[in-house]
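Here is the file model_22.cif (mmCIF, C-alpha atoms).
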```cif
data_my_file
loop_
_atom_site.label_atom_id
_atom_site.label_comp_id
_atom_site.auth_asym_id
_atom_site.auth_seq_id
_atom_site.Cartn_x
_atom_site.Cartn_y
_atom_site.Cartn_z
CA MET A 1 -5.85 -10.29 8.48
CA PHE A 2 -2.44 -10.70 6.85
CA SER A 3 0.00 -13.53 7.23
CA VAL A 4 2.83 -15.52 5.74
CA ILE A 5 2.53 -19.21 6.57
CA HIS A 6 4.32 -22.47 5.94
CA GLU A 7 1.25 -24.72 5.91
CA PRO A 8 -1.44 -25.40 3.28
CA ILE A 9 -3.86 -22.53 2.89
CA ASP A 10 -7.40 -22.81 4.24
CA PRO A 11 -9.64 -20.06 2.81
CA GLN A 12 -12.41 -20.51 5.37
CA PRO A 13 -10.95 -18.35 8.17
CA LEU A 14 -10.38 -15.56 5.65
CA ILE A 15 -13.98 -15.79 4.47
CA GLU A 16 -15.22 -15.67 8.05
CA TYR A 17 -13.00 -12.71 8.80
CA VAL A 18 -14.17 -10.50 5.93
CA ARG A 19 -17.89 -11.29 5.82
CA THR A 20 -20.33 -9.18 7.81
CA ASP A 21 -24.12 -9.18 7.77
CA ALA A 22 -24.01 -6.12 5.51
CA ASP A 23 -22.29 -8.07 2.74
CA GLY A 24 -23.96 -9.68 -0.25
CA ALA A 25 -20.77 -10.94 -1.81
CA VAL A 26 -17.55 -12.56 -0.66
CA ASN A 27 -14.85 -12.82 -3.31
CA VAL A 28 -12.07 -15.35 -2.79
CA PHE A 29 -8.99 -15.42 -4.99
CA LEU A 30 -6.60 -18.35 -4.94
CA GLY A 31 -3.28 -18.26 -6.72
CA VAL A 32 -2.30 -21.85 -7.43
CA ALA A 33 0.82 -23.53 -8.72
CA ARG A 34 0.58 -24.15 -12.45
CA ARG A 35 2.20 -27.11 -14.24
CA TRP A 36 3.49 -25.29 -17.32
CA SER A 37 5.36 -22.04 -17.48
CA ARG A 38 6.65 -20.58 -20.72
CA GLY A 39 7.00 -23.96 -22.38
CA ARG A 40 8.67 -25.72 -19.46
CA GLU A 41 7.17 -28.31 -17.16
CA VAL A 42 7.33 -27.27 -13.54
CA VAL A 43 8.16 -29.96 -10.99
CA HIS A 44 7.36 -27.76 -8.00
CA LEU A 45 7.54 -24.16 -6.84
CA GLU A 46 9.41 -22.62 -3.94
CA TYR A 47 8.36 -19.36 -2.33
CA GLU A 48 10.46 -17.14 -0.11
CA ALA A 49 9.35 -14.05 1.81
CA TYR A 50 10.62 -11.10 3.78
CA PRO A 51 7.78 -11.70 6.18
CA GLU A 52 7.89 -8.57 8.33
CA MET A 53 7.80 -6.35 5.28
CA ALA A 54 5.36 -8.60 3.39
CA THR A 55 2.65 -8.28 6.03
CA ARG A 56 3.30 -4.56 6.28
CA LYS A 57 2.76 -4.18 2.53
CA MET A 58 -0.36 -6.36 2.69
CA ALA A 59 -1.73 -3.94 5.28
CA GLN A 60 -0.88 -1.07 2.95
CA ILE A 61 -2.87 -2.74 0.17
CA ALA A 62 -5.82 -3.02 2.56
CA ASP A 63 -5.53 0.72 3.28
CA GLU A 64 -5.58 1.42 -0.46
CA VAL A 65 -8.64 -0.80 -0.92
CA ARG A 66 -10.39 0.94 1.95
CA ALA A 67 -9.61 4.37 0.49
CA ARG A 68 -10.76 3.41 -2.97
CA TRP A 69 -13.85 1.24 -2.36
CA GLY A 70 -14.70 1.86 1.28
CA ILE A 71 -14.18 -1.83 2.04
CA GLU A 72 -13.09 -2.21 5.63
CA ARG A 73 -11.75 -5.74 5.64
CA LEU A 74 -9.28 -7.46 3.35
CA ALA A 75 -7.63 -10.77 4.17
CA ILE A 76 -4.43 -12.02 2.56
CA VAL A 77 -2.45 -15.12 3.36
CA HIS A 78 0.62 -16.18 1.41
CA ARG A 79 2.30 -19.52 1.80
CA VAL A 80 6.06 -20.00 1.57
CA GLY A 81 8.28 -23.03 1.18
CA LYS A 82 7.83 -25.83 -1.29
CA LEU A 83 4.54 -26.06 -3.18
CA GLU A 84 3.38 -28.94 -5.36
CA ILE A 85 1.44 -28.28 -8.56
CA GLY A 86 -2.12 -27.36 -7.75
CA GLU A 87 -1.44 -26.10 -4.25
CA ALA A 88 -2.45 -22.56 -3.36
CA SER A 89 0.33 -20.03 -2.83
CA VAL A 90 -1.90 -17.08 -1.98
CA CYS A 91 -5.47 -16.45 -0.89
CA ILE A 92 -7.19 -13.07 -0.89
CA ALA A 93 -10.68 -12.62 0.53
CA VAL A 94 -12.79 -9.48 0.39
CA ALA A 95 -16.48 -8.79 0.96
CA SER A 96 -18.83 -6.04 -0.12
CA SER A 97 -22.52 -5.31 0.00
CA HIS A 98 -22.78 -5.74 -3.78
CA ARG A 99 -20.47 -7.89 -5.85
CA GLY A 100 -18.97 -5.22 -8.11
CA GLU A 101 -16.71 -3.79 -5.43
CA ALA A 102 -15.57 -7.17 -4.19
CA PHE A 103 -14.56 -8.27 -7.71
CA ALA A 104 -12.70 -5.04 -8.38
CA ALA A 105 -10.97 -4.93 -5.00
CA SER A 106 -9.87 -8.56 -5.28
CA GLN A 107 -8.27 -7.98 -8.68
CA TYR A 108 -6.61 -4.81 -7.48
CA ALA A 109 -5.24 -6.56 -4.41
CA ILE A 110 -3.56 -9.41 -6.31
CA ASP A 111 -2.15 -7.07 -8.96
CA ARG A 112 -0.78 -4.83 -6.24
CA LEU A 113 0.57 -7.74 -4.22
CA LYS A 114 2.68 -8.77 -7.21
CA GLN A 115 4.06 -5.24 -7.40
CA ILE A 116 5.02 -4.46 -3.83
CA VAL A 117 4.85 -7.45 -1.50
CA PRO A 118 8.36 -8.90 -1.04
CA ILE A 119 7.69 -12.56 -1.76
CA TRP A 120 9.57 -14.45 -4.49
CA LYS A 121 8.72 -17.51 -6.53
CA LYS A 122 11.23 -20.04 -7.79
CA GLU A 123 10.25 -22.46 -10.54
CA VAL A 124 11.91 -25.85 -10.37
CA TRP A 125 12.01 -27.94 -13.56
CA SER A 126 13.56 -31.34 -14.12
CA ASP A 127 16.68 -29.74 -15.56
CA GLY A 128 17.09 -26.59 -13.52
CA SER A 129 15.38 -23.78 -11.69
CA GLN A 130 14.94 -20.03 -11.83
CA TRP A 131 13.70 -17.22 -9.64
CA ILE A 132 10.88 -15.58 -11.53
CA GLY A 133 10.86 -11.85 -11.84
CA TRP A 134 8.50 -9.67 -13.79
CA GLU A 135 6.91 -11.55 -16.61
CA GLY A 136 4.75 -8.75 -17.88
CA GLY A 137 7.45 -6.36 -18.95
CA SER A 138 7.85 -3.05 -17.22
CA ALA A 139 5.77 -2.05 -14.27
CA PRO A 140 5.39 1.64 -13.56
CA GLY A 141 8.71 2.88 -12.30
CA MET A 142 10.58 -0.30 -13.12
CA THR A 143 12.75 -0.99 -16.10
CA GLY A 144 11.97 -4.60 -16.78
CA PRO A 145 12.69 -8.11 -15.63
CA THR A 146 16.02 -9.42 -14.50
CA ALA A 147 17.31 -12.82 -15.49
CA MET B 1 27.84 2.46 12.38
CA ARG B 2 26.41 -1.03 12.09
CA VAL B 3 23.80 -1.81 9.46
CA ARG B 4 22.30 -5.22 8.77
CA ALA B 5 21.74 -6.02 5.10
CA LYS B 6 19.29 -8.76 4.16
CA LEU B 7 19.46 -10.66 0.89
CA PHE B 8 16.65 -12.66 -0.67
CA ALA B 9 15.97 -15.16 -3.42
CA SER B 10 18.50 -14.96 -6.26
CA LEU B 11 20.71 -12.54 -4.31
CA ARG B 12 20.72 -14.81 -1.25
CA GLU B 13 21.63 -17.83 -3.34
CA ALA B 14 24.40 -16.03 -5.18
CA ALA B 15 25.91 -14.65 -1.99
CA GLY B 16 25.43 -17.87 -0.05
CA GLN B 17 23.96 -16.07 2.93
CA SER B 18 20.81 -14.22 3.85
CA GLU B 19 22.27 -11.55 6.13
CA VAL B 20 25.39 -9.42 6.07
CA GLU B 21 26.59 -7.19 8.89
CA LEU B 22 28.05 -4.00 7.50
CA GLU B 23 30.22 -1.38 9.11
CA CYS B 24 29.39 1.91 7.39
CA PRO B 25 30.74 5.40 7.93
CA SER B 26 28.27 7.55 9.85
CA GLY B 27 26.05 9.48 7.48
CA ALA B 28 26.32 6.75 4.85
CA ARG B 29 23.55 6.52 2.31
CA VAL B 30 21.93 3.34 1.09
CA ALA B 31 23.93 3.46 -2.15
CA GLU B 32 27.17 3.20 -0.22
CA ALA B 33 25.95 0.30 1.87
CA VAL B 34 24.88 -1.56 -1.26
CA ALA B 35 28.30 -0.91 -2.77
CA LEU B 36 29.84 -2.54 0.30
CA VAL B 37 27.64 -5.60 -0.17
CA ARG B 38 28.59 -5.87 -3.82
CA GLU B 39 32.27 -5.51 -2.95
CA ARG B 40 32.00 -8.36 -0.49
CA PHE B 41 30.03 -10.47 -2.94
CA PRO B 42 31.25 -9.64 -6.45
CA GLN B 43 29.01 -12.36 -7.83
CA LEU B 44 26.01 -10.11 -7.11
CA ARG B 45 26.99 -7.78 -9.91
CA GLY B 46 25.22 -8.70 -13.12
CA LEU B 47 22.21 -10.03 -11.24
CA GLY B 48 20.22 -7.03 -12.35
CA GLU B 49 18.26 -4.57 -10.36
CA ALA B 50 17.12 -4.77 -6.78
CA MET B 51 14.66 -2.57 -5.01
CA LEU B 52 15.79 -1.20 -1.69
CA ALA B 53 14.10 -1.06 1.69
CA VAL B 54 15.19 0.25 5.06
CA ASN B 55 13.30 -0.78 8.18
CA LEU B 56 10.52 -2.35 6.11
CA GLU B 57 9.87 0.64 3.81
CA TYR B 58 10.97 1.14 0.21
CA VAL B 59 13.59 3.86 -0.16
CA GLY B 60 15.85 5.34 -2.79
CA PRO B 61 19.63 5.04 -2.96
CA GLU B 62 20.09 8.50 -1.45
CA PHE B 63 18.29 7.58 1.77
CA GLY B 64 20.44 8.20 4.85
CA LEU B 65 21.21 5.28 7.13
CA HIS B 66 21.40 5.19 10.92
CA GLU B 67 22.93 2.85 13.45
CA GLY B 68 21.06 -0.42 13.67
CA ASP B 69 19.07 0.04 10.46
CA GLU B 70 17.94 -3.01 8.52
CA LEU B 71 18.59 -2.70 4.81
CA ALA B 72 16.99 -5.16 2.39
CA LEU B 73 17.98 -5.82 -1.19
CA ILE B 74 14.78 -6.90 -2.88
CA PRO B 75 14.94 -8.62 -6.26
CA PRO B 76 11.83 -8.09 -8.38
CA VAL B 77 8.87 -9.74 -6.65
CA SER B 78 6.83 -12.68 -7.96
CA GLY B 79 5.72 -12.34 -11.52
CA GLY B 80 2.65 -13.24 -13.42
CA SER B 81 0.96 -11.06 -15.98
CA HIS B 82 -0.20 -7.89 -14.39
CA ARG B 83 -2.17 -4.87 -15.38
CA VAL B 84 -0.57 -1.52 -14.93
CA SER B 85 -3.80 0.40 -15.22
CA GLU B 86 -5.14 1.75 -12.00
CA VAL B 87 -2.24 0.72 -9.81
CA GLN B 88 -0.14 3.29 -8.07
CA GLN B 89 3.57 3.79 -8.00
CA PRO B 90 5.16 1.85 -5.14
CA GLY B 91 6.61 5.06 -3.76
CA PRO B 92 10.10 6.56 -3.69
CA ASP B 93 11.72 3.25 -4.45
CA ALA B 94 14.63 2.80 -6.75
CA ARG B 95 16.77 0.23 -8.30
CA LEU B 96 20.51 -0.18 -8.23
CA ARG B 97 22.40 -1.73 -11.08
#
```
Is it possible to give me this structure as structure tokens?
Amino acid sequence: MFSVIHEPIDPQPLIEYVRTDADGAVNVFLGVARRWSRGREVVHLEYEAYPEMATRKMAQIADEVRARWGIERLAIVHRVGKLEIGEASVCIAVASSHRGEAFAASQYAIDRLKQIVPIWKKEVWSDGSQWIGWEGGSAPGMTGPTA
Amino acid sequence: MRVRAKLFASLREAAGQSEVELECPSGARVAEAVALVRERFPQLRGLGEAMLAVNLEYVGPEFGLHEGDELALIPPVSGGSHRVSEVQQPGPDARLR
């Protein structure tokens, strides 16, 4: 279950999609808009996607999770457009029979999403705005953030 | 041959449009198409690296284009601290300066 939407995120359909009677754990990750970023106060965020490729890459992440942990179902929804502080930009849901796999797969999925899913975040402050690239330095195969 | 180039985020804002129709010589590679985009929009130079995709898959600059292909110039995706352990390479992607 992968989608790019323009409305507020509701995690419940994702939970219902991933959970089966064999599962003892459902892990839900929410990425939410934070007020402060690198010393600046954020007024709001804007997200933009290449939606056809974004959902394709989400499906690829699900394939990787399946190959690695044997988890059959992964749900990802990413919101685009203008987000106020505190609103969720992304939700990832995954279930497993025991909680270890669900925790690990959820972390992997969000880390991987930030590597390969073509969705961009713009921070808007009172005195300007900026598209945010890599904040963590170099990713494998990349040579660092752009301005 | 006709190729559609899509621009996103900082590239889209700098160019002032999200799509560019290109007329490329047959047999053109991605690198040549990107050069055409940067010729048309000189302000895109100096915006740093973009990853490249054709028809929704990451490719390198040597990838050969065909009529009707959709090329995307992909600025680095959303940040946040990330762990590089245990994640795979995105594939034969590349960046163009």
Handout entry: Residues returned when the PyMOL selection byres ((chain B and resi 34-39) around 9) runs on this file, as a PyMOL selection string
Key = chain B and resi 5+20+22-24+29-33+40-45+61+71+73+96
Coordinates of box centre and edge lengths for segment 13-26 of chain B, 4 Å on every side, axis-aligned, as JSON:
```
{"center_x": 25.8, "center_y": -5.2, "center_z": 2.3, "size_x": 17.9, "size_y": 33.4, "size_z": 23.0}
```
Practice task
Given the file shown, enumerate the residues that the PyMOL selection byres ((chain A and resi 27) around 10) captures and present them as an MDAnalysis selection string.
Solution key: chainID A and resid 15 18:19 25:26 28:29 92:96 99:107
Exercise for the section: Kindly give the distance, in Å, that separates atom CA of Val3 of chain B and atom CA of His66 of chain B, rounded to a single decimal. Expected result: 7.5 Å
Practice task
Excluding Val54 of chain B and any residue of its chain fewer than 6 positions from it, enumerate the residues within 9 Å of it, using all atoms listed in the file, and give them as a PyMOL selection string.
Solution key: chain B and resi 30+63+65+69-72
Problem - Atom-to-atom span, atom CA of Met1 of chain B and atom CA of Glu62 of chain B, Å - result: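 Computing it gives 17.0 Å between the two atoms.
Atom CA of Val43 of chain A to atom CA of Leu11 of chain B spans 22.5 Å [interatomic distance, one decimal].
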Practice task
Using all atoms listed in the file, find the one residue out of B:Glu67, B:Val59, B:Lys6, B:Pro25 that sits nearest to chain A.
Solution key: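 Closest residue, counting all atoms listed in the file: B:Lys6.
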Exercise for the section: Tell me, as a VMD selection string, which residues lie within 8 Å of Arg34 of chain A, counting all atoms listed in the file; anything in the same chain fewer than 3 positions away does not count. Expected result: chain A and resid 37 42 85 to 86
Handout entry: Which of B:Arg4, B:Gly64, B:Gly27, B:Met51 sits closest to chain A [using all atoms listed in the file]
Key = B:Met51
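Taking all atoms listed in the file, the non-local environment of Ala62 of chain A within 12 Å (same-chain residues fewer than 4 positions away omitted) comprises Met1, Phe2, Val18, Thr55, Arg56, Lys57, Met58, Arg66, Ala67, Arg68, Trp69, Gly70, Ile71, Glu72, Arg73, Leu74, Ala75, Ile76, Ile92, Ala93, Val94, Ala105, Ser106, Tyr108, Ala109, Ile110, Arg112 and Leu113 of chain A.
Using all atoms listed in the file for every distance, the candidate list B:Gly68, B:Ser26, B:Ile74, B:Glu57 yields B:Ile74 as the residue closest to Leu7 of chain B.
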